[in-house]
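Note sheet for the following structure.
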There are 2 protein chains.
Amino acid sequence: MESKKATSPIARYHLEPQTGTAFSVLRGQRIRVIDAEGEQVADLTCFAGRDTEEYLSSGRTIDYNEKIYLTTGDTLYSNLSNPMLDITDDPVGKHDFLFAPCSREMFRLTYGERDPHPNCLDNLAQSLGPFGIRAFQIPIAFNIFMNTAISPDGAITVKTPLTRAGDYIELQAQMDLIIGVTACSAGKCNNFRCTAVDIEVYG
Amino acid sequence: MESKKATSPIARYHLEPQTGTAFSVLRGQRIRVIDAEGEQVADLTCFAGRDTEEYLSSGRTIDYNEKIYLTTGDTLYSNLSNPMLDITDDPVGKHDFLFAPCSREMFRLTYGERDPHPNCLDNLAQSLGPFGIRAFQIPIAFNIFMNTAISPDGAITVKTPLTRAGDYIELQAQMDLIIGVTACSAGKCNNFRCTAVDIEVYG
């Protein structure tokens, strides 16, 4: 399927800082994830509309694309090797597909937070729950705008996203999908300032 | 828990080429995965004995270890951030934790195989089925001895394992576990010669 030029969105979602949402899209529809203020990560995961046991697979996507950094022209695959999303427009060009969504346990272990801290996993689980998806089913997300760097010895570091206000990525659904997206709650990957994310869906 | 020196194994499993198995271990027990002939990959996955919705998480492991190449002294974590396995002895020191287990779809897409080819996902699913674990629950495995290299632009290539006959890795269970292991069925990552894997469990 070819990407059509964006006209008016058929749906919009505004994510306040440290929140998430979930929604359905049909095959062929396009989703824009927009960094409202800049330097903000958005975790995206998805499930097949026909069967939520089919889900986004980082491991198969990395295998078939033969790379860890995905951008325009690349396809995100499911755990059954079916194309789920094509990246149709990606002016930023740097995202992560290795880290698990941030979680209350991550904030406890890494940051010493005692009380539950807002986090992407809980936000995805809450948003996807009404679709019948349970927290343990949420896989490694496509961490949009997350800027990680790997040194030759395998050490991985988290850097500031390359985005400025209004920067976006556009993806086109290759099957009917249930999609979850967050405005990431973590400090380091958002340059210690958690901000809003906007989503637009085009028919 | 400290690692004790290997004495006599309490269990042994021999994996013929392109096969898999699954077994339970108790907290504190150690597992040696041995490359019988050299240059052979073994996919390992695991689930918590008390609840199979807790499973090995590449994404959390990479986060907490701050690296993608794991070796002696590193810990493999679950999707709930609990330690599952410590790597207690790893003379080889090169493994992959990014690729999904090879699958019938991978052999179709990458190698053009029309009939189902032996593969790690089916072997893990068959072996783990009697434990109540279904195929869709099998996450990205810890691909023991799989030798992948990442270039600065993110391109990932599969190289020949660094192992010779008899080389091993030893892991110690940090909770009661159900473990699945395969002798990988793929060509490229095993230098185009699929061979046997031996497993020993120590008390």
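Ligands are numbered from 1 in the order shown, chains are lettered A, B, ... in the order of the structure tokens, and residues start at 1 in each chain.
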I'd like a table as a Markdown table: residues in chain B with an atom no more than 9 Å from chain A, each row giving the shortest atom pair and its distance in Å to one decimal, only C-alpha atoms counted, sorted by chain and rising residue number.
| residue | atom | partner | partner_atom | distance |
| --- | --- | --- | --- | --- |
| B:Glu53 | CA | A:Phe136 | CA | 6.1 |
| B:Glu54 | CA | A:Phe136 | CA | 7.3 |
| B:Tyr55 | CA | A:Phe136 | CA | 8.8 |
| B:Ser57 | CA | A:Ala100 | CA | 7.9 |
| B:Ser58 | CA | A:Ala100 | CA | 7.7 |
| B:Gly59 | CA | A:Ala100 | CA | 4.2 |
| B:Arg60 | CA | A:Ala100 | CA | 5.4 |
| B:Thr61 | CA | A:Phe99 | CA | 8.6 |
| B:Ile62 | CA | A:Phe99 | CA | 6.7 |
| B:Asp63 | CA | A:Phe99 | CA | 6.0 |
| B:Tyr64 | CA | A:Thr110 | CA | 7.7 |
| B:Asn65 | CA | A:Ala155 | CA | 8.6 |
| B:Glu66 | CA | A:Ile156 | CA | 5.3 |
| B:Lys67 | CA | A:Ala155 | CA | 4.1 |
| B:Ile68 | CA | A:Gly154 | CA | 5.1 |
| B:Tyr69 | CA | A:Gly154 | CA | 5.4 |
| B:Leu70 | CA | A:Gly154 | CA | 8.6 |
| B:Asn79 | CA | A:Phe136 | CA | 7.5 |
| B:Leu80 | CA | A:Glu105 | CA | 7.0 |
| B:Ser81 | CA | A:Glu105 | CA | 6.2 |
| B:Asn82 | CA | A:Glu105 | CA | 8.9 |
| B:Phe97 | CA | A:Gly59 | CA | 8.7 |
| B:Leu98 | CA | A:Gly59 | CA | 5.6 |
| B:Phe99 | CA | A:Gly59 | CA | 4.4 |
| B:Ala100 | CA | A:Gly59 | CA | 4.1 |
| B:Pro101 | CA | A:Gly59 | CA | 8.0 |
| B:Cys102 | CA | A:Arg60 | CA | 8.7 |
| B:Ser103 | CA | A:Leu80 | CA | 8.7 |
| B:Glu105 | CA | A:Ser81 | CA | 6.2 |
| B:Met106 | CA | A:Ser81 | CA | 7.2 |
| B:Leu109 | CA | A:Tyr64 | CA | 8.4 |
| B:Thr110 | CA | A:Tyr64 | CA | 7.7 |
| B:Phe136 | CA | A:Glu53 | CA | 6.1 |
| B:Gln137 | CA | A:Gln137 | CA | 7.7 |
| B:Pro139 | CA | A:Pro139 | CA | 8.2 |
| B:Ile140 | CA | A:Gly59 | CA | 6.1 |
| B:Ala149 | CA | A:Pro152 | CA | 8.6 |
| B:Ile150 | CA | A:Pro152 | CA | 7.7 |
| B:Ser151 | CA | A:Pro152 | CA | 8.1 |
| B:Pro152 | CA | A:Ile150 | CA | 7.8 |
| B:Asp153 | CA | A:Tyr69 | CA | 7.5 |
| B:Gly154 | CA | A:Ile68 | CA | 5.1 |
| B:Ala155 | CA | A:Lys67 | CA | 4.1 |
| B:Ile156 | CA | A:Lys67 | CA | 4.9 |
| B:Thr157 | CA | A:Glu66 | CA | 6.9 |
Residues of region 117-182 of chain A in strand (DSSP E), written as a VMD selection string: chain A and resid 142 to 144 147 to 150 156 to 159 168 to 173 177 to 182
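In this structure, CA of Ala42 (chain B) sits 22.1 Å away from CA of Gly132 (chain B).
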Residues at most 7 Å from Ile199 (chain B), counting only C-alpha atoms, excluding those fewer than 6 positions away in the same chain, as a PyMOL selection string? chain B and resi 12-14+31-34
Write the selection just made, keeping N, CA and C atoms, as an mmCIF file, in the first residue's frame?
data_model
loop_
_atom_site.group_PDB
_atom_site.id
_atom_site.type_symbol
_atom_site.label_atom_id
_atom_site.label_comp_id
_atom_site.auth_asym_id
_atom_site.auth_seq_id
_atom_site.Cartn_x
_atom_site.Cartn_y
_atom_site.Cartn_z
ATOM 1 N N ARG B 12 20.804 -34.656 33.044
ATOM 2 C CA ARG B 12 21.444 -34.376 31.744
ATOM 3 C C ARG B 12 20.389 -34.465 30.663
ATOM 4 N N TYR B 13 20.518 -33.609 29.675
ATOM 5 C CA TYR B 13 19.639 -33.658 28.500
ATOM 6 C C TYR B 13 20.523 -33.563 27.265
ATOM 7 N N HIS B 14 20.276 -34.431 26.311
ATOM 8 C CA HIS B 14 21.016 -34.382 25.052
ATOM 9 C C HIS B 14 20.068 -33.939 23.947
ATOM 10 N N ILE B 31 22.742 -24.535 35.580
ATOM 11 C CA ILE B 31 22.513 -25.172 34.281
ATOM 12 C C ILE B 31 23.715 -24.894 33.393
ATOM 13 N N ARG B 32 24.295 -25.958 32.871
ATOM 14 C CA ARG B 32 25.336 -25.776 31.857
ATOM 15 C C ARG B 32 24.773 -26.128 30.500
ATOM 16 N N VAL B 33 24.925 -25.230 29.544
ATOM 17 C CA VAL B 33 24.558 -25.483 28.152
ATOM 18 C C VAL B 33 25.867 -25.634 27.390
ATOM 19 N N ILE B 34 26.032 -26.804 26.790
ATOM 20 C CA ILE B 34 27.335 -27.203 26.225
ATOM 21 C C ILE B 34 27.208 -27.392 24.712
#
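Residues in contact range of Ile178 (chain A), defined as at most 8 Å between only C-alpha atoms, with sequence neighbours fewer than 4 positions away removed, read A:Ala22, A:Phe23, A:Ser24, A:Val25, A:Cys46, A:Phe47, A:Ala48, A:Gly49, A:Phe131.
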I need the residues in region 7-137 of chain B that are helix (DSSP H, G or I) according to DSSP; give them as a ChimeraX atom specification. /B:58-65,104-111,120-131,135-137
Let's have the selection written as a compact mmCIF listing (two decimals), in the first residue's frame, with C-alpha atoms.
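Ended up saving to part.txt:
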# COMPACT_ATOMS: atom_id res chain seq x y z
CA SER B 58 15.32 -9.11 26.89
CA GLY B 59 14.11 -5.52 27.18
CA ARG B 60 14.39 -5.33 30.97
CA THR B 61 17.66 -7.29 30.99
CA ILE B 62 19.26 -4.87 28.51
CA ASP B 63 17.94 -1.92 30.53
CA TYR B 64 19.29 -3.07 33.91
CA ASN B 65 22.63 -4.34 32.63
CA ARG B 104 8.69 -21.64 10.15
CA GLU B 105 7.76 -18.16 8.87
CA MET B 106 11.39 -17.02 9.08
CA PHE B 107 12.48 -20.00 6.98
CA ARG B 108 9.77 -19.17 4.47
CA LEU B 109 10.57 -15.45 4.24
CA THR B 110 14.37 -15.57 4.49
CA TYR B 111 15.23 -18.92 2.94
CA CYS B 120 13.46 -23.11 17.45
CA LEU B 121 10.01 -21.63 18.01
CA ASP B 122 8.17 -24.87 17.20
CA ASN B 123 10.71 -26.85 19.23
CA LEU B 124 10.25 -24.55 22.23
CA ALA B 125 6.45 -24.56 21.86
CA GLN B 126 6.30 -28.35 21.68
CA SER B 127 8.61 -28.75 24.67
CA LEU B 128 6.93 -26.09 26.80
CA GLY B 129 3.36 -27.06 25.89
CA PRO B 130 3.09 -29.72 28.65
CA PHE B 131 3.97 -26.97 31.18
CA ALA B 135 3.55 -20.54 21.51
CA PHE B 136 2.49 -16.88 21.57
CA GLN B 137 3.93 -16.55 25.11
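Between CA of Ala11 (chain A) and CA of Glu200 (chain A) the separation is 5.8 Å.
Picture a line from CA of Val201 (chain A) to CA of Val41 (chain A); it runs 18.6 Å.
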Write out as a PyMOL selection string the residues lying within 9 Å of region 190-196 of chain A, counting only C-alpha atoms and excluding same-chain residues fewer than 4 positions away. chain A and resi 14-19+34-41+146+159-161+183-186
Generate a file of the selected residues that holds N, CA, C and O atoms, formatted as a PDB file, in the first residue's frame.
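Okay, this is what ended up in selection13.pdb:
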ATOM      1  N   HIS A  14      -4.760  13.493  22.256  1.00  0.00           N
ATOM      2  CA  HIS A  14      -3.746  14.308  22.938  1.00  0.00           C
ATOM      3  C   HIS A  14      -3.328  13.593  24.219  1.00  0.00           C
ATOM      4  O   HIS A  14      -4.164  13.299  25.074  1.00  0.00           O
ATOM      5  N   LEU A  15      -2.055  13.303  24.325  1.00  0.00           N
ATOM      6  CA  LEU A  15      -1.536  12.652  25.530  1.00  0.00           C
ATOM      7  C   LEU A  15      -0.873  13.690  26.416  1.00  0.00           C
ATOM      8  O   LEU A  15       0.168  14.255  26.059  1.00  0.00           O
ATOM      9  N   GLU A  16      -1.472  13.918  27.570  1.00  0.00           N
ATOM     10  CA  GLU A  16      -0.810  14.750  28.576  1.00  0.00           C
ATOM     11  C   GLU A  16       0.497  14.061  28.993  1.00  0.00           C
ATOM     12  O   GLU A  16       0.653  12.850  28.820  1.00  0.00           O
ATOM     13  N   PRO A  17       1.443  14.805  29.568  1.00  0.00           N
ATOM     14  CA  PRO A  17       2.701  14.172  29.999  1.00  0.00           C
ATOM     15  C   PRO A  17       2.443  12.958  30.901  1.00  0.00           C
ATOM     16  O   PRO A  17       1.538  12.978  31.739  1.00  0.00           O
ATOM     17  N   GLN A  18       3.210  11.907  30.681  1.00  0.00           N
ATOM     18  CA  GLN A  18       3.164  10.688  31.510  1.00  0.00           C
ATOM     19  C   GLN A  18       1.809   9.990  31.465  1.00  0.00           C
ATOM     20  O   GLN A  18       1.369   9.406  32.461  1.00  0.00           O
ATOM     21  N   THR A  19       1.149  10.016  30.300  1.00  0.00           N
ATOM     22  CA  THR A  19      -0.109   9.284  30.129  1.00  0.00           C
ATOM     23  C   THR A  19      -0.020   8.414  28.864  1.00  0.00           C
ATOM     24  O   THR A  19       0.975   8.455  28.144  1.00  0.00           O
ATOM     25  N   ILE A  34       3.298  12.685  17.149  1.00  0.00           N
ATOM     26  CA  ILE A  34       3.904  14.016  17.080  1.00  0.00           C
ATOM     27  C   ILE A  34       4.446  14.420  18.449  1.00  0.00           C
ATOM     28  O   ILE A  34       3.741  14.353  19.458  1.00  0.00           O
ATOM     29  N   ASP A  35       5.683  14.831  18.464  1.00  0.00           N
ATOM     30  CA  ASP A  35       6.314  15.321  19.696  1.00  0.00           C
ATOM     31  C   ASP A  35       5.940  16.796  19.849  1.00  0.00           C
ATOM     32  O   ASP A  35       6.463  17.652  19.135  1.00  0.00           O
ATOM     33  N   ALA A  36       5.050  17.083  20.811  1.00  0.00           N
ATOM     34  CA  ALA A  36       4.462  18.423  20.904  1.00  0.00           C
ATOM     35  C   ALA A  36       5.508  19.500  21.210  1.00  0.00           C
ATOM     36  O   ALA A  36       5.497  20.577  20.604  1.00  0.00           O
ATOM     37  N   GLU A  37       6.419  19.197  22.140  1.00  0.00           N
ATOM     38  CA  GLU A  37       7.361  20.242  22.583  1.00  0.00           C
ATOM     39  C   GLU A  37       8.817  19.936  22.274  1.00  0.00           C
ATOM     40  O   GLU A  37       9.688  20.796  22.446  1.00  0.00           O
ATOM     41  N   GLY A  38       9.091  18.686  21.855  1.00  0.00           N
ATOM     42  CA  GLY A  38      10.469  18.301  21.544  1.00  0.00           C
ATOM     43  C   GLY A  38      11.105  17.482  22.647  1.00  0.00           C
ATOM     44  O   GLY A  38      10.739  17.584  23.817  1.00  0.00           O
ATOM     45  N   GLU A  39      12.062  16.589  22.240  1.00  0.00           N
ATOM     46  CA  GLU A  39      12.851  15.761  23.179  1.00  0.00           C
ATOM     47  C   GLU A  39      11.981  14.848  24.036  1.00  0.00           C
ATOM     48  O   GLU A  39      12.293  14.580  25.196  1.00  0.00           O
ATOM     49  N   GLN A  40      10.900  14.325  23.442  1.00  0.00           N
ATOM     50  CA  GLN A  40       9.968  13.466  24.171  1.00  0.00           C
ATOM     51  C   GLN A  40       9.833  12.117  23.468  1.00  0.00           C
ATOM     52  O   GLN A  40       9.607  12.076  22.259  1.00  0.00           O
ATOM     53  N   VAL A  41       9.922  11.041  24.245  1.00  0.00           N
ATOM     54  CA  VAL A  41       9.766   9.688  23.721  1.00  0.00           C
ATOM     55  C   VAL A  41       8.310   9.248  23.808  1.00  0.00           C
ATOM     56  O   VAL A  41       7.596   9.610  24.757  1.00  0.00           O
ATOM     57  N   MET A 146      13.158   7.621  20.958  1.00  0.00           N
ATOM     58  CA  MET A 146      14.149   7.280  21.992  1.00  0.00           C
ATOM     59  C   MET A 146      15.512   7.108  21.323  1.00  0.00           C
ATOM     60  O   MET A 146      15.650   6.349  20.360  1.00  0.00           O
ATOM     61  N   LYS A 159      20.441   8.695  25.249  1.00  0.00           N
ATOM     62  CA  LYS A 159      20.754  10.088  24.942  1.00  0.00           C
ATOM     63  C   LYS A 159      19.458  10.885  24.735  1.00  0.00           C
ATOM     64  O   LYS A 159      18.358  10.325  24.749  1.00  0.00           O
ATOM     65  N   THR A 160      19.602  12.166  24.543  1.00  0.00           N
ATOM     66  CA  THR A 160      18.437  13.039  24.352  1.00  0.00           C
ATOM     67  C   THR A 160      17.842  12.831  22.953  1.00  0.00           C
ATOM     68  O   THR A 160      18.587  12.756  21.976  1.00  0.00           O
ATOM     69  N   PRO A 161      16.516  12.750  22.854  1.00  0.00           N
ATOM     70  CA  PRO A 161      15.897  12.624  21.527  1.00  0.00           C
ATOM     71  C   PRO A 161      16.317  13.767  20.603  1.00  0.00           C
ATOM     72  O   PRO A 161      16.603  14.884  21.060  1.00  0.00           O
ATOM     73  N   ALA A 183       3.029   8.871  26.248  1.00  0.00           N
ATOM     74  CA  ALA A 183       4.024   9.936  26.406  1.00  0.00           C
ATOM     75  C   ALA A 183       4.898   9.465  27.561  1.00  0.00           C
ATOM     76  O   ALA A 183       4.455   9.437  28.714  1.00  0.00           O
ATOM     77  N   CYS A 184       6.117   9.060  27.253  1.00  0.00           N
ATOM     78  CA  CYS A 184       6.958   8.315  28.210  1.00  0.00           C
ATOM     79  C   CYS A 184       7.197   9.119  29.492  1.00  0.00           C
ATOM     80  O   CYS A 184       7.370  10.338  29.464  1.00  0.00           O
ATOM     81  N   SER A 185       7.215   8.391  30.607  1.00  0.00           N
ATOM     82  CA  SER A 185       7.285   8.984  31.947  1.00  0.00           C
ATOM     83  C   SER A 185       8.685   9.069  32.519  1.00  0.00           C
ATOM     84  O   SER A 185       8.857   9.557  33.644  1.00  0.00           O
ATOM     85  N   ALA A 186       9.687   8.555  31.817  1.00  0.00           N
ATOM     86  CA  ALA A 186      11.032   8.446  32.393  1.00  0.00           C
ATOM     87  C   ALA A 186      11.808   9.741  32.269  1.00  0.00           C
ATOM     88  O   ALA A 186      11.521  10.574  31.412  1.00  0.00           O
TER      89      ALA A 186
END
